[in-house]
file start-v2.cif (mmCIF, C-alpha atoms and all ligand atoms)
data_model
loop_
_atom_site.label_atom_id
_atom_site.label_comp_id
_atom_site.auth_asym_id
_atom_site.auth_seq_id
_atom_site.Cartn_x
_atom_site.Cartn_y
_atom_site.Cartn_z
CA MET A 1 109.61 -12.03 72.76
CA LEU A 2 108.02 -8.71 71.88
CA PRO A 3 108.36 -7.99 68.17
CA SER A 4 109.32 -4.34 68.79
CA VAL A 5 112.33 -5.14 70.95
CA LYS A 6 115.62 -4.31 69.32
CA ILE A 7 118.51 -6.68 69.94
CA MET A 8 121.84 -4.91 70.24
CA GLN A 9 124.75 -6.11 68.13
CA ILE A 10 127.40 -6.36 70.81
CA SER A 11 130.72 -7.96 69.92
CA SER A 12 131.90 -10.82 72.09
CA GLU A 13 134.93 -8.71 73.03
CA LEU A 14 132.74 -5.96 74.50
CA ALA A 15 130.17 -8.39 75.93
CA SER A 16 132.86 -10.22 77.89
CA GLN A 17 133.93 -6.86 79.42
CA THR A 18 130.43 -5.60 80.24
CA ILE A 19 127.53 -8.03 80.28
CA SER A 20 129.33 -11.23 81.24
CA LYS A 21 127.49 -13.85 83.28
CA TYR A 22 129.49 -12.70 86.28
CA VAL A 23 128.38 -9.06 85.94
CA VAL A 24 124.75 -9.90 85.18
CA GLY A 25 124.83 -12.42 88.04
CA GLU A 26 126.04 -9.68 90.42
CA ALA A 27 123.20 -7.42 89.27
CA LEU A 28 120.76 -10.24 90.05
CA TRP A 29 122.26 -10.80 93.52
CA ARG A 30 121.91 -7.08 94.22
CA LYS A 31 118.23 -7.38 93.34
CA GLY A 32 118.00 -10.28 95.77
CA ILE A 33 117.44 -12.83 93.00
CA ASP A 34 118.92 -16.24 93.72
CA HIS A 35 120.22 -17.94 90.57
CA ASN A 36 122.84 -20.18 89.01
CA PRO A 37 125.25 -17.90 87.05
CA HIS A 38 126.34 -20.79 84.85
CA GLN A 39 122.83 -21.29 83.53
CA LEU A 40 122.12 -17.65 82.74
CA PHE A 41 120.96 -16.91 79.24
CA ILE A 42 121.71 -13.26 78.37
CA ASP A 43 120.59 -11.06 75.50
CA ALA A 44 121.38 -7.36 75.11
CA TRP A 45 118.22 -5.48 74.24
CA ALA A 46 117.86 -1.78 73.53
CA THR A 47 115.95 -1.44 76.82
CA GLY A 48 118.30 -3.44 79.04
CA VAL A 49 119.84 -6.87 79.47
CA TRP A 50 117.30 -9.63 79.06
CA THR A 51 117.74 -12.81 81.03
CA ARG A 52 115.44 -15.55 79.87
CA GLN A 53 114.87 -16.75 83.42
CA TYR A 54 114.70 -13.50 85.39
CA GLY A 55 113.49 -10.84 83.00
CA LEU A 56 114.98 -7.49 82.18
CA ILE A 57 117.88 -5.84 84.03
CA SER A 58 118.42 -2.14 83.35
CA TYR A 59 121.68 -0.80 81.95
CA LYS A 60 121.78 1.40 85.05
CA ALA A 61 121.93 -1.73 87.24
CA ILE A 62 124.69 -3.16 85.03
CA ALA A 63 126.59 0.16 85.20
CA GLU A 64 126.37 0.11 89.01
CA VAL A 65 127.94 -3.35 89.15
CA LEU A 66 130.71 -2.34 86.70
CA SER A 67 131.49 0.74 88.84
CA LEU A 68 131.63 -1.35 92.01
CA ILE A 69 133.96 -3.88 90.40
CA ALA A 70 136.28 -1.09 89.18
CA GLU A 71 136.18 0.56 92.60
CA ASN A 72 137.10 -2.69 94.38
CA LYS A 73 139.89 -3.49 91.93
CA ALA A 74 141.26 0.06 92.20
CA GLU A 75 141.71 -0.25 95.98
CA ALA A 76 144.98 -2.15 96.02
CA LEU A 77 146.62 -0.77 92.88
CA ALA A 78 150.04 0.86 93.21
CA VAL A 79 150.21 4.23 91.49
CA GLU A 80 153.25 6.19 90.44
CA GLN A 81 152.93 9.77 89.21
CA ARG A 82 155.27 10.57 86.35
CA SER A 83 154.17 14.10 85.54
CA SER A 84 151.23 16.36 86.30
CA ASN A 85 149.11 14.50 83.74
CA LEU A 86 150.70 11.05 83.54
CA TRP A 87 150.63 8.09 85.91
CA LEU A 88 151.83 4.50 85.87
CA VAL A 89 149.34 2.10 87.43
CA ASP A 90 149.92 -1.55 88.24
CA SER A 91 147.66 -4.02 86.48
CA ALA A 92 145.31 -5.84 88.84
CA GLN A 93 147.01 -9.12 87.90
CA GLY A 94 150.38 -7.63 88.85
CA ASN A 95 151.99 -8.51 85.53
CA GLY A 96 152.61 -5.07 84.11
CA LYS A 97 151.77 -1.40 84.26
CA TYR A 98 149.44 0.84 82.33
CA PHE A 99 149.59 4.52 81.55
CA VAL A 100 146.78 6.75 82.72
CA MET A 101 146.76 10.16 81.06
CA ARG A 102 144.78 13.25 81.96
CA SER A 103 143.52 15.70 79.42
CA GLY A 104 141.43 18.40 81.04
CA LYS A 105 138.99 16.55 83.29
CA TYR A 106 139.16 13.41 81.18
CA LEU A 107 141.25 10.38 82.15
CA SER A 108 142.23 7.69 79.65
CA CYS A 109 144.13 4.44 80.10
CA SER A 110 146.29 2.23 77.89
CA CYS A 111 144.81 -1.07 79.18
CA PRO A 112 142.85 -3.41 76.85
CA LYS A 113 139.57 -2.94 78.73
CA PHE A 114 139.64 0.85 78.47
CA ARG A 115 140.54 0.72 74.79
CA CYS A 116 137.78 -1.81 74.10
CA TRP A 117 135.16 0.34 75.86
CA GLN A 118 136.40 3.48 74.14
CA LYS A 119 136.31 1.86 70.72
CA ARG A 120 133.09 -0.12 71.04
CA LEU A 121 130.70 1.11 73.74
CA GLY A 122 129.38 4.18 71.95
CA LYS A 123 128.83 2.25 68.74
CA GLU A 124 127.59 -1.08 70.08
CA CYS A 125 125.72 -0.13 73.24
CA PRO A 126 125.24 3.64 73.70
CA GLN A 127 122.62 2.94 76.40
CA LEU A 128 125.24 1.36 78.62
CA LEU A 129 127.77 4.11 77.90
CA GLN A 130 125.20 6.67 78.97
CA ALA A 131 124.41 4.72 82.14
CA LEU A 132 128.13 4.49 82.93
CA GLY A 133 128.57 8.25 82.51
CA GLY A 134 131.69 7.71 80.38
CA VAL A 135 134.45 5.21 79.77
CA PHE A 136 136.48 4.14 82.82
CA CYS A 137 138.56 1.26 84.17
CA HIS A 138 139.99 0.35 87.58
CA HIS A 139 143.20 2.20 86.67
CA THR A 140 141.42 5.50 85.99
CA PHE A 141 139.42 4.94 89.20
CA ALA A 142 142.68 4.56 91.12
CA ILE A 143 143.86 7.96 89.83
CA GLN A 144 140.48 9.59 90.34
CA LYS A 145 140.62 8.58 94.00
CA GLN A 146 143.98 10.34 94.37
CA LEU A 147 142.78 13.47 92.64
CA LYS A 148 139.84 13.92 95.01
ZN ZN A 201 142.91 0.73 82.54
#
call {"tool": "encode", "arguments": {"input": "start-v2.cif", "output": "structure tokens"}}
result
Amino acid sequence: MLPSVKIMQISSELASQTISKYVVGEALWRKGIDHNPHQLFIDAWATGVWTRQYGLISYKAIAEVLSLIAENKAEALAVEQRSSNLWLVDSAQGNGKYFVMRSGKYLSCSCPKFRCWQKRLGKECPQLLQALGGVFCHHTFAIQKQLK
């Protein structure tokens, strides 16, 4: 390992929502790299996500996978508008609903993933937050699609 490389201190809560083996594995597939997701060894560096076996994956590539996952999950979600700035959105697991609120151009959601990203991304991995272009979840994506 290069001595100048900074390792990011990412909590397991945030890591499981962002740089999980599944997400990193998807980024590798998109690069055409065949691999066994179960054997991936992942470290979050300041410059990207380091996989011991396959080298560095940029936060941009990770952000693209996270956007695609949110987009796919948003497809089938039932949405109910409650007021001009408030929606109820089904959870992807179908076991509840979350509130999506609009304030100006900004959408926020009451789900655990959104709150985790909002609380932790900027502090623990600002590089990924920048690559994502802001905090989102599949619920805010579902509303965004309707607002277009
Ligand atoms: Zn949400």
call {"tool": "atom_distance", "arguments": {"input": "start-v2.cif", "atom1": "CA of Cys116 (chain A)", "atom2": "CA of His38 (chain A)"}}
result
24.6 Å
call {"tool": "residues_near_point", "arguments": {"input": "start-v2.cif", "point": "(118.6, -2.6, 81.9)", "cutoff": "7 Å", "atoms": "all atoms listed in the file", "output": "PyMOL selection string"}}
result
chain A and resi 47-49+56-62
call {"tool": "closest_atom_pairs", "arguments": {"input": "start-v2.cif", "of": "chain A", "to": "ligand ZN 201 (chain A)", "cutoff": "8 Å", "atoms": "only C-alpha atoms and all ligand atoms", "output": "JSON lines"}}
result
{"residue": "A:Ser91", "atom": "CA", "partner": "A:ZN201", "partner_atom": "ZN", "distance": 7.8}
{"residue": "A:Tyr98", "atom": "CA", "partner": "A:ZN201", "partner_atom": "ZN", "distance": 6.5}
{"residue": "A:Phe99", "atom": "CA", "partner": "A:ZN201", "partner_atom": "ZN", "distance": 7.7}
{"residue": "A:Val100", "atom": "CA", "partner": "A:ZN201", "partner_atom": "ZN", "distance": 7.2}
{"residue": "A:Ser108", "atom": "CA", "partner": "A:ZN201", "partner_atom": "ZN", "distance": 7.6}
{"residue": "A:Cys109", "atom": "CA", "partner": "A:ZN201", "partner_atom": "ZN", "distance": 4.6}
{"residue": "A:Ser110", "atom": "CA", "partner": "A:ZN201", "partner_atom": "ZN", "distance": 5.9}
{"residue": "A:Cys111", "atom": "CA", "partner": "A:ZN201", "partner_atom": "ZN", "distance": 4.3}
{"residue": "A:Pro112", "atom": "CA", "partner": "A:ZN201", "partner_atom": "ZN", "distance": 7.0}
{"residue": "A:Lys113", "atom": "CA", "partner": "A:ZN201", "partner_atom": "ZN", "distance": 6.3}
{"residue": "A:Phe114", "atom": "CA", "partner": "A:ZN201", "partner_atom": "ZN", "distance": 5.2}
{"residue": "A:Phe136", "atom": "CA", "partner": "A:ZN201", "partner_atom": "ZN", "distance": 7.3}
{"residue": "A:Cys137", "atom": "CA", "partner": "A:ZN201", "partner_atom": "ZN", "distance": 4.7}
{"residue": "A:His138", "atom": "CA", "partner": "A:ZN201", "partner_atom": "ZN", "distance": 5.8}
{"residue": "A:His139", "atom": "CA", "partner": "A:ZN201", "partner_atom": "ZN", "distance": 4.4}
{"residue": "A:Thr140", "atom": "CA", "partner": "A:ZN201", "partner_atom": "ZN", "distance": 6.1}
call {"tool": "closest_residue", "arguments": {"input": "start-v2.cif", "among": "A:Leu40, A:Val79, A:Leu132, A:Leu66", "to": "Gln17 (chain A)", "atoms": "all atoms listed in the file"}}
result
A:Leu66
call {"tool": "atom_distance", "arguments": {"input": "start-v2.cif", "atom1": "CA of Ser84 (chain A)", "atom2": "CA of Ile69 (chain A)"}}
result
26.9 Å
call {"tool": "axis_aligned_box", "arguments": {"input": "start-v2.cif", "around": "region 89-93 of chain A", "padding_each_side": "6 Å", "output": "lines of an AutoDock Vina configuration file"}}
result
center_x = 147.6
center_y = -3.5
center_z = 87.7
size_x = 16.6
size_y = 23.2
size_z = 14.4
call {"tool": "atom_distance", "arguments": {"input": "start-v2.cif", "atom1": "CA of Glu124 (chain A)", "atom2": "CA of Ser11 (chain A)"}}
result
7.6 Å
call {"tool": "closest_residue", "arguments": {"input": "start-v2.cif", "among": "A:Thr51, A:Ser12, A:Thr18, A:Gln81", "to": "Glu64 (chain A)", "atoms": "all atoms listed in the file"}}
result
A:Thr18
call {"tool": "closest_residue", "arguments": {"input": "start-v2.cif", "among": "A:Val135, A:Leu128, A:Tyr22, A:Asp34", "to": "Arg115 (chain A)", "atoms": "all atoms listed in the file"}}
result
A:Val135
call {"tool": "build_atoms", "arguments": {"input": "start-v2.cif", "residues": "region 87-98 of chain A", "atoms": "N, CA and C atoms", "output": "PDB file, in the frame of the given file"}}
result
ATOM      1  N   TRP A  87     150.394   9.014  84.811  1.00  0.00           N
ATOM      2  CA  TRP A  87     150.630   8.090  85.910  1.00  0.00           C
ATOM      3  C   TRP A  87     150.915   6.691  85.372  1.00  0.00           C
ATOM      4  N   LEU A  88     151.671   5.930  86.128  1.00  0.00           N
ATOM      5  CA  LEU A  88     151.830   4.500  85.870  1.00  0.00           C
ATOM      6  C   LEU A  88     151.019   3.768  86.930  1.00  0.00           C
ATOM      7  N   VAL A  89     150.181   2.843  86.487  1.00  0.00           N
ATOM      8  CA  VAL A  89     149.340   2.100  87.430  1.00  0.00           C
ATOM      9  C   VAL A  89     149.565   0.614  87.218  1.00  0.00           C
ATOM     10  N   ASP A  90     149.752  -0.100  88.337  1.00  0.00           N
ATOM     11  CA  ASP A  90     149.920  -1.550  88.240  1.00  0.00           C
ATOM     12  C   ASP A  90     148.661  -2.194  87.680  1.00  0.00           C
ATOM     13  N   SER A  91     148.822  -3.246  86.909  1.00  0.00           N
ATOM     14  CA  SER A  91     147.660  -4.020  86.480  1.00  0.00           C
ATOM     15  C   SER A  91     147.165  -4.808  87.690  1.00  0.00           C
ATOM     16  N   ALA A  92     145.875  -5.124  87.696  1.00  0.00           N
ATOM     17  CA  ALA A  92     145.310  -5.840  88.840  1.00  0.00           C
ATOM     18  C   ALA A  92     145.943  -7.229  88.977  1.00  0.00           C
ATOM     19  N   GLN A  93     146.384  -7.800  87.857  1.00  0.00           N
ATOM     20  CA  GLN A  93     147.010  -9.120  87.900  1.00  0.00           C
ATOM     21  C   GLN A  93     148.480  -9.032  88.308  1.00  0.00           C
ATOM     22  N   GLY A  94     149.002  -7.811  88.406  1.00  0.00           N
ATOM     23  CA  GLY A  94     150.380  -7.630  88.850  1.00  0.00           C
ATOM     24  C   GLY A  94     151.415  -8.023  87.809  1.00  0.00           C
ATOM     25  N   ASN A  95     151.023  -8.095  86.549  1.00  0.00           N
ATOM     26  CA  ASN A  95     151.990  -8.510  85.530  1.00  0.00           C
ATOM     27  C   ASN A  95     152.299  -7.398  84.528  1.00  0.00           C
ATOM     28  N   GLY A  96     152.287  -6.175  85.004  1.00  0.00           N
ATOM     29  CA  GLY A  96     152.610  -5.070  84.110  1.00  0.00           C
ATOM     30  C   GLY A  96     152.047  -3.775  84.637  1.00  0.00           C
ATOM     31  N   LYS A  97     152.263  -2.716  83.872  1.00  0.00           N
ATOM     32  CA  LYS A  97     151.770  -1.400  84.260  1.00  0.00           C
ATOM     33  C   LYS A  97     151.079  -0.754  83.081  1.00  0.00           C
ATOM     34  N   TYR A  98     150.123   0.100  83.386  1.00  0.00           N
ATOM     35  CA  TYR A  98     149.440   0.840  82.330  1.00  0.00           C
ATOM     36  C   TYR A  98     149.604   2.331  82.562  1.00  0.00           C
TER      37      TYR A  98
END
